[in-house]
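Colleague: As input, take start.txt (compact mmCIF, C-alpha atoms and all ligand atoms):
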```txt
# COMPACT_ATOMS: atom_id res chain seq x y z
CA MET E 1 104.22 53.99 -43.70
CA THR E 2 105.99 56.55 -41.60
CA ILE E 3 108.67 55.38 -39.25
CA THR E 4 111.03 57.95 -37.79
CA ILE E 5 114.00 57.14 -35.63
CA PHE E 6 115.73 59.62 -33.35
CA HIS E 7 119.24 59.48 -32.01
CA ASP E 8 118.17 60.51 -28.52
CA LYS E 9 115.36 59.57 -26.17
CA GLU E 10 112.02 61.41 -26.22
CA CYS E 11 112.16 61.79 -30.02
CA LYS E 12 114.99 64.28 -29.81
CA GLY E 13 118.32 64.70 -31.54
CA ALA E 14 119.17 63.74 -35.10
CA SER E 15 116.35 61.93 -36.84
CA GLN E 16 115.64 60.11 -40.04
CA THR E 17 112.68 58.51 -41.75
CA VAL E 18 112.97 54.79 -42.37
CA THR E 19 111.55 53.92 -45.76
CA ARG E 20 113.55 50.80 -46.54
CA ASP E 21 115.56 48.07 -44.87
CA LEU E 22 118.75 49.42 -43.31
CA ARG E 23 121.40 46.71 -43.21
CA ASP E 24 124.01 48.79 -41.42
CA MET E 25 123.19 52.17 -39.92
CA LYS E 26 126.75 53.10 -39.14
CA GLY E 27 127.38 56.71 -40.11
CA MET E 28 123.69 57.55 -40.51
CA ALA E 29 122.13 60.55 -38.78
CA ALA E 30 120.25 58.50 -36.24
CA ASP E 31 122.69 55.62 -35.91
CA LYS E 32 122.02 53.79 -32.63
CA PRO E 33 118.63 55.43 -32.10
CA GLY E 34 117.26 56.08 -28.63
CA SER E 35 113.61 56.48 -29.65
CA ILE E 36 111.24 55.73 -32.49
CA ARG E 37 107.89 57.03 -33.73
CA MET E 38 105.54 54.99 -35.93
CA SER E 39 102.50 56.86 -37.18
CA ASP E 40 100.57 54.30 -39.20
CA VAL E 41 98.58 51.41 -37.75
CA ARG E 42 100.08 49.23 -40.48
CA ASP E 43 103.65 50.15 -39.60
CA ALA E 44 105.83 47.27 -38.50
CA ALA E 45 109.54 47.26 -37.82
CA LEU E 46 112.23 44.91 -36.61
CA LEU E 47 115.18 46.47 -34.83
CA PHE E 48 118.40 44.49 -34.45
CA LYS E 49 121.38 44.96 -32.17
CA ASN E 50 123.87 44.07 -34.88
CA ASP E 51 124.24 44.96 -38.50
CA ASP E 52 122.98 42.57 -41.15
CA TRP E 53 119.77 42.02 -39.11
CA HIS E 54 121.37 39.91 -36.41
CA GLY E 55 121.86 39.99 -32.69
CA GLY E 56 118.33 39.80 -31.39
CA ALA E 57 115.15 41.38 -32.65
CA LEU E 58 112.82 43.98 -31.18
CA TYR E 59 109.49 43.83 -32.97
CA LEU E 60 107.20 46.84 -33.10
CA ASN E 61 103.80 46.79 -34.76
CA GLY E 62 101.24 49.59 -35.04
CA ALA E 63 101.15 53.33 -34.46
CA GLN E 64 103.18 54.15 -31.37
CA THR E 65 106.00 56.19 -29.95
CA VAL E 66 108.73 54.46 -28.00
CA THR E 67 110.36 57.30 -26.09
CA ASP E 68 113.21 55.19 -24.73
CA LEU E 69 114.27 52.09 -26.63
CA GLY E 70 116.30 50.99 -23.62
CA SER E 71 113.49 51.17 -21.08
CA ALA E 72 110.66 48.68 -20.78
CA LYS E 73 108.65 51.39 -19.01
CA ALA E 74 108.92 53.70 -22.01
CA GLY E 75 107.91 50.99 -24.44
CA GLY E 76 111.39 49.79 -25.31
CA ARG E 77 112.36 46.30 -24.31
CA PHE E 78 115.32 44.02 -23.96
CA GLY E 79 117.79 46.85 -23.54
CA PHE E 80 117.69 48.12 -27.10
CA GLY E 81 118.42 51.75 -26.33
CA ASN E 82 121.25 53.13 -28.43
CA VAL E 83 122.39 49.74 -29.65
CA VAL E 84 120.19 49.35 -32.73
CA ARG E 85 122.41 48.72 -35.71
CA SER E 86 120.01 47.55 -38.41
CA ILE E 87 116.29 47.87 -39.15
CA ARG E 88 113.96 45.79 -41.21
CA VAL E 89 110.59 46.94 -42.60
CA THR E 90 110.05 44.23 -45.22
CA PRO E 91 109.47 40.53 -44.60
CA PHE E 92 112.12 37.86 -44.32
CA PHE E 93 111.56 34.92 -46.60
CA VAL E 94 112.07 31.37 -45.42
CA ASN E 95 112.66 28.85 -48.18
CA LEU E 96 110.69 25.63 -47.97
CA ASN E 97 112.13 22.32 -49.13
CA VAL E 98 108.93 20.29 -49.39
CA SER E 99 108.91 16.49 -49.54
CA ILE E 100 105.62 14.69 -50.14
CA VAL E 101 105.77 11.07 -49.05
CA THR E 102 104.07 8.52 -51.25
CA SER E 103 103.44 4.82 -50.86
CA GLY E 104 103.44 3.24 -54.28
CA ASP E 105 100.55 4.87 -56.10
CA ASP E 106 99.11 6.37 -52.92
CA LEU E 107 99.49 10.04 -52.15
CA PRO E 108 98.72 11.61 -48.74
CA GLY E 109 95.08 12.27 -47.95
CA ILE E 110 92.85 11.76 -50.94
CA TRP E 111 95.04 13.64 -53.35
CA PRO E 112 94.51 11.94 -56.71
CA THR E 113 97.63 13.04 -58.58
CA THR E 114 101.03 14.57 -57.93
CA TRP E 115 99.85 17.61 -59.87
CA TRP E 116 96.93 17.93 -57.46
CA ALA E 117 99.20 17.46 -54.44
CA GLU E 118 101.50 20.25 -55.64
CA GLY E 119 98.48 22.50 -56.06
CA VAL E 120 97.39 21.80 -52.49
CA VAL E 121 100.84 22.61 -51.08
CA LYS E 122 101.02 25.85 -53.06
CA ASP E 123 97.55 26.89 -51.91
CA VAL E 124 98.35 26.06 -48.29
CA VAL E 125 101.55 28.14 -48.34
CA GLU E 126 99.64 30.99 -50.01
CA ARG E 127 97.02 30.93 -47.26
CA ALA E 128 99.70 30.83 -44.56
CA ASN E 129 101.52 33.76 -46.18
CA ALA E 130 98.32 35.80 -46.46
CA TYR E 131 97.79 35.24 -42.75
CA LEU E 132 101.35 36.23 -41.82
CA LEU E 133 101.00 39.31 -44.00
CA ALA E 134 97.73 40.28 -42.34
CA GLN E 135 99.42 39.89 -38.95
CA ASN E 136 102.24 42.12 -40.17
CA ALA E 137 104.69 39.47 -39.00
CA LEU E 138 107.40 40.49 -41.50
CA LEU E 139 107.76 36.83 -42.32
CA GLN E 140 106.87 34.92 -45.48
CA MET E 141 107.48 31.44 -46.83
CA GLU E 142 108.53 30.53 -50.31
CA ILE E 143 108.44 27.06 -51.83
CA ALA E 144 111.93 26.27 -53.09
CA ARG E 145 110.90 22.88 -54.47
CA ILE E 146 108.43 20.04 -54.04
CA THR E 147 109.77 16.50 -54.29
CA PHE E 148 107.81 13.26 -54.17
CA ARG E 149 109.49 10.55 -52.07
CA ASP E 150 108.25 7.01 -52.37
CA ASP E 151 108.77 5.57 -48.89
CA PRO E 152 105.94 3.34 -47.58
CA LYS E 153 107.61 3.18 -44.15
CA GLN E 154 107.24 6.94 -43.67
CA PHE E 155 103.77 7.22 -45.25
CA ASN E 156 102.00 6.61 -41.94
CA ILE E 157 104.16 7.40 -38.97
CA SER E 158 103.82 7.92 -35.26
CA GLY E 159 104.39 11.39 -33.87
CA THR E 160 107.30 10.05 -31.90
CA GLU E 161 108.88 8.69 -35.04
CA GLY E 162 109.87 10.61 -38.05
CA TRP E 163 113.00 12.13 -36.58
CA ALA E 164 115.22 10.16 -38.86
CA PHE E 165 114.20 11.04 -42.36
CA PRO E 166 116.88 10.32 -44.96
CA SER E 167 119.42 13.11 -45.07
CA ALA E 168 118.87 13.37 -48.82
CA TRP E 169 115.44 14.80 -48.01
CA LYS E 170 117.00 17.78 -46.28
CA ASN E 171 118.47 20.84 -47.84
CA ARG E 172 120.91 23.04 -46.03
CA GLY E 173 119.73 26.56 -45.43
CA GLU E 174 116.09 25.70 -46.03
CA LEU E 175 113.18 24.70 -43.88
CA ASP E 176 112.54 21.02 -44.58
CA VAL E 177 108.82 20.30 -44.70
CA ILE E 178 107.68 16.69 -44.94
CA VAL E 179 104.08 15.86 -45.76
CA VAL E 180 102.97 12.38 -44.74
CA ASN E 181 99.60 10.71 -44.97
CA HIS E 182 98.78 10.19 -41.31
CA PHE E 183 100.17 10.12 -37.81
CA ALA E 184 98.87 6.65 -37.23
CA LYS E 185 98.82 6.60 -33.44
CA GLU E 186 97.86 10.14 -32.49
CA GLY E 187 95.16 12.59 -33.40
CA LYS E 188 97.60 15.17 -34.50
CA ALA E 189 98.18 16.98 -37.74
CA GLY E 190 101.74 18.16 -37.32
CA ARG E 191 104.95 17.49 -35.47
CA THR E 192 107.86 19.84 -35.03
CA PRO E 193 110.49 19.78 -32.31
CA ARG E 194 111.05 23.18 -30.78
CA PRO E 195 113.13 24.84 -31.98
CA CYS E 196 113.89 22.48 -34.75
CA PHE E 197 116.83 23.86 -36.63
CA GLY E 198 118.20 20.93 -38.51
CA GLN E 199 115.01 18.94 -37.97
CA ALA E 200 112.09 18.64 -40.31
CA LEU E 201 108.64 20.13 -39.92
CA VAL E 202 106.24 17.23 -40.44
CA MET E 203 102.61 17.57 -41.45
CA ALA E 204 99.94 14.97 -42.11
CA ALA E 205 97.18 15.26 -44.70
CA LYS E 206 94.85 13.15 -42.60
CA VAL E 207 94.09 13.33 -38.90
CA THR E 208 92.08 11.13 -36.54
CA ILE E 209 89.39 13.11 -34.74
CA ASP E 210 87.28 11.23 -32.18
CA GLY E 211 88.29 7.97 -33.79
CA VAL E 212 87.34 9.08 -37.28
CA ASP E 213 89.96 9.60 -39.98
CA THR E 214 89.45 13.05 -41.46
CA VAL E 215 91.13 14.54 -44.49
CA LEU E 216 92.29 18.04 -43.68
CA THR E 217 91.07 20.93 -45.80
CA ASN E 218 93.61 23.34 -47.23
CA GLU E 219 92.60 25.86 -44.58
CA LEU E 220 93.26 23.39 -41.78
CA LEU E 221 96.57 22.43 -43.36
CA ALA E 222 97.47 26.12 -43.44
CA ILE E 223 96.63 26.44 -39.73
CA THR E 224 98.88 23.44 -39.09
CA LEU E 225 101.69 24.92 -41.18
CA VAL E 226 101.68 28.25 -39.33
CA HIS E 227 101.45 26.47 -35.97
CA GLU E 228 104.39 24.21 -36.84
CA LEU E 229 106.37 27.15 -38.22
CA GLY E 230 105.83 28.75 -34.81
CA HIS E 231 107.35 25.68 -33.14
CA TYR E 232 110.18 25.66 -35.65
CA LEU E 233 111.00 29.23 -34.69
CA GLY E 234 110.88 28.52 -30.98
CA LEU E 235 107.28 29.05 -29.88
CA SER E 236 105.83 26.69 -27.27
CA HIS E 237 102.15 26.00 -26.69
CA GLY E 238 102.58 28.01 -23.48
CA THR E 239 102.92 31.20 -25.52
CA ALA E 240 99.20 30.86 -26.37
CA ASN E 241 98.42 31.63 -22.71
CA LYS E 242 95.61 29.09 -22.80
CA ASP E 243 93.75 31.22 -25.38
CA SER E 244 92.08 28.70 -27.65
CA ASN E 245 91.96 31.24 -30.47
CA ASN E 246 95.71 31.63 -30.56
CA ILE E 247 97.59 29.91 -33.36
CA MET E 248 99.89 28.14 -30.85
CA PHE E 249 97.03 26.68 -28.80
CA PRO E 250 97.50 22.90 -28.91
CA ASP E 251 93.91 22.21 -29.74
CA GLY E 252 92.13 19.32 -31.32
CA SER E 253 89.66 21.82 -32.71
CA THR E 254 89.79 21.84 -36.46
CA THR E 255 86.84 24.05 -37.19
CA ASP E 256 88.50 27.44 -37.08
CA VAL E 257 89.60 29.51 -40.03
CA LEU E 258 93.15 30.76 -40.05
CA SER E 259 92.20 34.44 -40.15
CA GLY E 260 90.37 34.00 -36.86
CA LYS E 261 93.54 32.90 -35.06
CA SER E 262 95.62 35.35 -33.10
CA LEU E 263 99.38 35.66 -33.33
CA TRP E 264 100.63 38.04 -30.69
CA LYS E 265 103.38 40.59 -31.01
CA ASP E 266 105.43 38.78 -28.38
CA GLN E 267 105.16 35.60 -30.41
CA ILE E 268 106.28 37.35 -33.58
CA ARG E 269 109.18 38.89 -31.71
CA GLU E 270 110.22 35.48 -30.41
CA MET E 271 110.10 33.97 -33.89
CA GLN E 272 112.09 36.83 -35.36
CA ASP E 273 114.51 36.70 -32.46
CA ARG E 274 115.15 33.05 -33.25
CA LEU E 275 115.84 33.88 -36.88
CA ALA E 276 118.14 36.71 -35.85
CA ASN E 277 120.18 34.69 -33.41
CA ASN E 278 120.58 31.27 -34.85
CA LEU E 279 123.71 31.69 -36.85
CA ALA E 280 123.75 28.04 -37.78
CA ARG E 281 120.64 28.54 -39.83
CA LYS E 282 120.81 32.16 -40.74
CA SER E 283 120.65 31.25 -44.38
CA ASP E 284 117.10 30.13 -43.66
CA ARG E 285 116.38 33.74 -44.26
CA LYS E 286 116.41 34.52 -47.93
CA GLU E 287 117.46 38.12 -47.94
ZN ZN E 301 102.01 22.19 -31.37
```
Could you rewrite the structure in this file as structure tokens?
Ligand SMILES: [Zn+2]

Modeller:
Amino acid sequence: MTITIFHDKECKGASQTVTRDLRDMKGMAADKPGSIRMSDVRDAALLFKNDDWHGGALYLNGAQTVTDLGSAKAGGRFGFGNVVRSIRVTPFFVNLNVSIVTSGDDLPGIWPTTWWAEGVVKDVVERANAYLLAQNALLQMEIARITFRDDPKQFNISGTEGWAFPSAWKNRGELDVIVVNHFAKEGKAGRTPRPCFGQALVMAAKVTIDGVDTVLTNELLAITLVHELGHYLGLSHGTANKDSNNIMFPDGSTTDVLSGKSLWKDQIREMQDRLANNLARKSDRKE
């Protein structure tokens, strides 16, 4: 990884190599950089207008030189020239507060035991993280806890319900994930208001496809999780630009593998921008 920032445009003036997260660049050689050079295809960086990784994010991914961080023409965007105050080169972690809804002895899908269900959730998060890592999204999820909630009323819900989960199911500063059995009225696998700070991300273990109830594989659950995380962090289906291979495409197709889905740089920037700006939930980011 070689990321060099320069105080002035056109890679001129004082410079420094960025090898770690810089929480506050005040007083550094290239404080408020005007240009940046990234030499490795695996380089990824988040630039923020304020210290402490706040104030809007500019996301750069891949080998490139941005000769003027303030000019869209020169590869910079959103007026970032000479205002960058902090830089991130390692992922943010979002803590997951996972609730699995049960109905008596029944677990979602065909999961036979709570031990099994926990294993599924862990595997799904692992798959989603591997995907985000491969995309260089500088974003990872971490399971804070998994709790089983016996609530037959919420076991099968409609996509338009489920907004009023008990407040005890939520945990401040974490992303509340609720796994139910089935959205009984719709052929959908997940439901997340956009952006849903303060609301839960809801996933179902079973989905109705062409009238047939289908138990989702871990891979399909992982696709759902990343898609819903996208909604949670502000992405609409429109950001998929009608590309059915994009992770935010609102498809009924459940045959794809996660690694085949695209997640565009603009989408990552939007997600990171949401994390950077929403002060109410900034503690979502485990730093
Ligand atoms: Zn969606």

Colleague: With 10 Å as the cut-off and only C-alpha atoms counted, what is the closest atom pair between each nearby residue of stretch 165-281 of chain E and stretch 119-125 of chain E? Distances in Å to one decimal, ordered by chain and number, as a Markdown table.

Modeller:
```
| residue | atom | partner | partner_atom | distance |
| --- | --- | --- | --- | --- |
| E:Val179 | CA | E:Val121 | CA | 9.2 |
| E:Thr217 | CA | E:Val120 | CA | 9.2 |
| E:Asn218 | CA | E:Val124 | CA | 5.6 |
| E:Glu219 | CA | E:Val124 | CA | 6.8 |
| E:Leu220 | CA | E:Val124 | CA | 8.7 |
| E:Leu221 | CA | E:Val124 | CA | 6.4 |
| E:Ala222 | CA | E:Val124 | CA | 4.9 |
| E:Ile223 | CA | E:Val124 | CA | 8.7 |
| E:Thr224 | CA | E:Val124 | CA | 9.6 |
| E:Leu225 | CA | E:Val125 | CA | 7.9 |
| E:Val226 | CA | E:Val125 | CA | 9.0 |
```

Colleague: Counting only C-alpha atoms and all ligand atoms, what are the residues, protein, DNA or RNA alike, that approach ligand ZN 301 (chain E) to within 7 Å? I want them as a list of chain:residue names.

Modeller: E:Arg191, E:His227, E:Glu228, E:His231, E:His237, E:Met248, E:Pro250

Colleague: Mind giving me the axis-aligned box for stretch 59-69 of chain E with 6 Å on every side, centre plus edges in Å to one decimal, as lines of an AutoDock Vina configuration file?

Modeller:
```
center_x = 107.7
center_y = 50.6
center_z = -29.9
size_x = 25.1
size_y = 25.5
size_z = 22.3
```

Colleague: Using all atoms listed in the file, I'd like a table of the residues in stretch 235-278 of chain E that come within 9 Å of stretch 131-146 of chain E; for each, show the closest atom pair and its distance in Å rounded to one decimal, ordered by chain and ascending number, as JSON lines.

Modeller:
```
{"residue": "E:Leu258", "atom": "CA", "partner": "E:Tyr131", "partner_atom": "CA", "distance": 7.0}
{"residue": "E:Ser259", "atom": "CA", "partner": "E:Tyr131", "partner_atom": "CA", "distance": 6.2}
{"residue": "E:Ser262", "atom": "CA", "partner": "E:Gln135", "partner_atom": "CA", "distance": 8.3}
{"residue": "E:Leu263", "atom": "CA", "partner": "E:Gln135", "partner_atom": "CA", "distance": 7.0}
{"residue": "E:Trp264", "atom": "CA", "partner": "E:Gln135", "partner_atom": "CA", "distance": 8.6}
{"residue": "E:Lys265", "atom": "CA", "partner": "E:Ala137", "partner_atom": "CA", "distance": 8.2}
{"residue": "E:Ile268", "atom": "CA", "partner": "E:Ala137", "partner_atom": "CA", "distance": 6.0}
{"residue": "E:Arg269", "atom": "CA", "partner": "E:Ala137", "partner_atom": "CA", "distance": 8.6}
{"residue": "E:Gln272", "atom": "CA", "partner": "E:Leu139", "partner_atom": "CA", "distance": 8.2}
```

Colleague: Report, in Å to a single decimal, how far apart atom CA of E:Tyr59 and atom CA of E:Met28 are.

Modeller: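 Computing the Euclidean distance for atom CA of E:Met28 and atom CA of E:Tyr59 yields 21.1 Å.
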
Colleague: Would you list the residues near (106.1, 59.5, -25.7), meaning any protein, DNA or RNA residue with an atom at most 8 Å from that point in file coordinates, counting all atoms listed in the file, as a PyMOL selection string?

Modeller: chain E and resi 10-11+65-67+74
